[in-house]
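Working notes for the structure below.
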Amino acid sequence: QVQLVESGGGLVQAGGSLRLSCAASGRTFSPIAMGWFRQAPGKDREFVARIVRSSGNTLYANSVKGRFTISRDNAKNAVYLQMNSLKPEDTAVYYCAATKTLGTYDYWGQGTQVTVSS
């Protein structure tokens, strides 16, 4: 059974930074890529960023490009999201996810709250 556990969320002022971490466990855990999604109150969950585990190739939503950086540590089965220049509109629950096919994400964490005050 695969488990993803996020940490690092919290309350920060606009312009500040946070670093989210996601630790994965499971004997058969071998996804092609890991990603971050977020869901703000009253809105659909949206894609934030993803990274391919083997190549390190990254992809970002336009709304976070240049401000957020996704990285991974394959030895630790971990993925990180460095969030800089945070804006109030970045407020959301952030979810870590993993995919075996670069299509549908197969595994999801429980989420961590990020709140950016103006």
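Following the order of the structure tokens, chains are lettered A, B, ..., residues in each are numbered from 1, and ligands are numbered from 1.
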Item to complete: For Trp108 (chain A), please output as a PyMOL selection string all residues within 7 Å (counting only C-alpha atoms; exclusion window: fewer than 3 positions along the same chain).
Response: chain A and resi 4+95-98
Can you spit out the residues from that selection as a PDB file, in the first residue's frame, using C-alpha atoms?
```
ATOM      1  CA  LEU A   4       1.841  10.000   0.633  1.00  0.00           C
ATOM      2  CA  TYR A  95      -1.993  17.813  -2.258  1.00  0.00           C
ATOM      3  CA  CYS A  96       0.886  15.600  -3.242  1.00  0.00           C
ATOM      4  CA  ALA A  97       0.174  12.962  -5.881  1.00  0.00           C
ATOM      5  CA  ALA A  98       1.971  10.278  -7.830  1.00  0.00           C
TER       6      ALA A  98
END
```
Practice prompt. Might you pull out every residue within 10 Å of Gly111 (chain A), with only C-alpha atoms counted and same-chain residues fewer than 4 positions away left off, and present them as an MDAnalysis selection string?
Written response: chainID A and resid 4:7 9 22 36:39 92:97
Fill in: Residue contacts of Ser71 (chain A) (8 Å, only C-alpha atoms) excluding same-chain residues fewer than 5 positions away, as a list in words
Ile51, Gly56, Val79, Tyr80 and Leu81 of chain A
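Our summary of the geometry notes that CA of Ile32 (chain A) is positioned 6.6 Å from CA of Leu102 (chain A).
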Practice prompt. Give me the residues within 8 Å of Ser17 (chain A) as a PyMOL selection string, counting only C-alpha atoms and dropping any in the same chain fewer than 4 places off.
Written response: chain A and resi 12+82-86
If you keep N, CA, C and O atoms, can you produce a file of those selected residues as a JSON list (two decimals), in the first residue's frame?
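Now in part_13.json:
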```json
[["chain", "number", "residue", "atom", "x", "y", "z"],
["A", 12, "VAL", "N", 1.31, 32.35, 6.19],
["A", 12, "VAL", "CA", 2.41, 33.22, 5.82],
["A", 12, "VAL", "C", 1.85, 34.50, 5.23],
["A", 12, "VAL", "O", 0.75, 34.50, 4.66],
["A", 82, "GLN", "N", 8.96, 24.33, -3.31],
["A", 82, "GLN", "CA", 9.40, 25.60, -2.75],
["A", 82, "GLN", "C", 8.52, 26.69, -3.33],
["A", 82, "GLN", "O", 8.46, 26.87, -4.55],
["A", 83, "MET", "N", 7.84, 27.41, -2.46],
["A", 83, "MET", "CA", 6.90, 28.44, -2.89],
["A", 83, "MET", "C", 7.40, 29.80, -2.41],
["A", 83, "MET", "O", 7.50, 30.04, -1.21],
["A", 84, "ASN", "N", 7.73, 30.65, -3.36],
["A", 84, "ASN", "CA", 8.21, 32.00, -3.06],
["A", 84, "ASN", "C", 7.23, 33.04, -3.57],
["A", 84, "ASN", "O", 6.36, 32.74, -4.39],
["A", 85, "SER", "N", 7.38, 34.24, -3.09],
["A", 85, "SER", "CA", 6.52, 35.35, -3.52],
["A", 85, "SER", "C", 5.04, 34.97, -3.46],
["A", 85, "SER", "O", 4.28, 35.17, -4.40],
["A", 86, "LEU", "N", 4.66, 34.40, -2.35],
["A", 86, "LEU", "CA", 3.30, 33.90, -2.21],
["A", 86, "LEU", "C", 2.28, 35.03, -2.25],
["A", 86, "LEU", "O", 2.54, 36.15, -1.78]]
```
Discussion item. I'd like to know which residues of chain A are strand (DSSP E) (by DSSP, run on the backbone); could you write them as a VMD selection string?
Written reply: chain A and resid 3 to 7 10 to 13 18 to 25 33 to 39 46 to 52 58 to 60 68 to 73 78 to 83 92 to 99 107 to 108 112 to 117
Fill in: Test item: residues at most 8 Å from Asn77 (chain A), only C-alpha atoms, excluding those fewer than 5 positions along its chain, as a PyMOL selection string
chain A and resi 23-25+72
Discussion item. I need the residues in chain A that are helix (DSSP H, G or I) according to DSSP; give them as a PyMOL selection string.
Written reply: chain A and resi 74-76+88-90
Create the file for the chosen residues now, containing all heavy atoms and written as a short mmCIF file (atom, residue, chain, number, x, y, z; two decimals), in the first residue's frame.
```
data_model
loop_
_atom_site.label_atom_id
_atom_site.label_comp_id
_atom_site.auth_asym_id
_atom_site.auth_seq_id
_atom_site.Cartn_x
_atom_site.Cartn_y
_atom_site.Cartn_z
N ASN A 74 14.88 11.05 -4.98
CA ASN A 74 14.42 9.69 -5.25
C ASN A 74 14.86 8.70 -4.18
O ASN A 74 14.15 7.74 -3.88
CB ASN A 74 14.91 9.22 -6.61
CG ASN A 74 14.25 9.98 -7.75
OD1 ASN A 74 13.22 10.61 -7.57
ND2 ASN A 74 14.85 9.92 -8.93
N ALA A 75 16.01 8.94 -3.60
CA ALA A 75 16.51 8.04 -2.57
C ALA A 75 15.60 8.04 -1.35
O ALA A 75 15.48 7.03 -0.64
CB ALA A 75 17.93 8.43 -2.16
N LYS A 76 14.96 9.18 -1.12
CA LYS A 76 14.06 9.30 0.02
C LYS A 76 12.60 9.16 -0.38
O LYS A 76 11.71 9.28 0.48
CB LYS A 76 14.26 10.66 0.71
CG LYS A 76 15.63 10.86 1.32
CD LYS A 76 15.72 12.21 2.00
CE LYS A 76 17.09 12.41 2.66
NZ LYS A 76 17.18 13.75 3.31
N PRO A 88 -2.12 35.99 -1.84
CA PRO A 88 -3.34 35.50 -1.19
C PRO A 88 -4.08 34.47 -2.03
O PRO A 88 -4.69 33.54 -1.47
CB PRO A 88 -4.16 36.78 -1.01
CG PRO A 88 -3.14 37.86 -0.86
CD PRO A 88 -2.03 37.46 -1.80
N GLU A 89 -4.01 34.60 -3.34
CA GLU A 89 -4.70 33.64 -4.21
C GLU A 89 -4.02 32.27 -4.24
O GLU A 89 -4.55 31.34 -4.85
CB GLU A 89 -4.83 34.19 -5.64
CG GLU A 89 -3.54 34.70 -6.24
CD GLU A 89 -3.40 36.22 -6.10
OE1 GLU A 89 -3.68 36.75 -5.00
OE2 GLU A 89 -2.97 36.85 -7.10
N ASP A 90 -2.88 32.13 -3.60
CA ASP A 90 -2.25 30.81 -3.47
C ASP A 90 -2.83 30.04 -2.29
O ASP A 90 -2.51 28.86 -2.10
CB ASP A 90 -0.74 30.96 -3.26
CG ASP A 90 -0.03 31.52 -4.47
OD1 ASP A 90 -0.35 31.12 -5.60
OD2 ASP A 90 0.87 32.38 -4.28
#
```
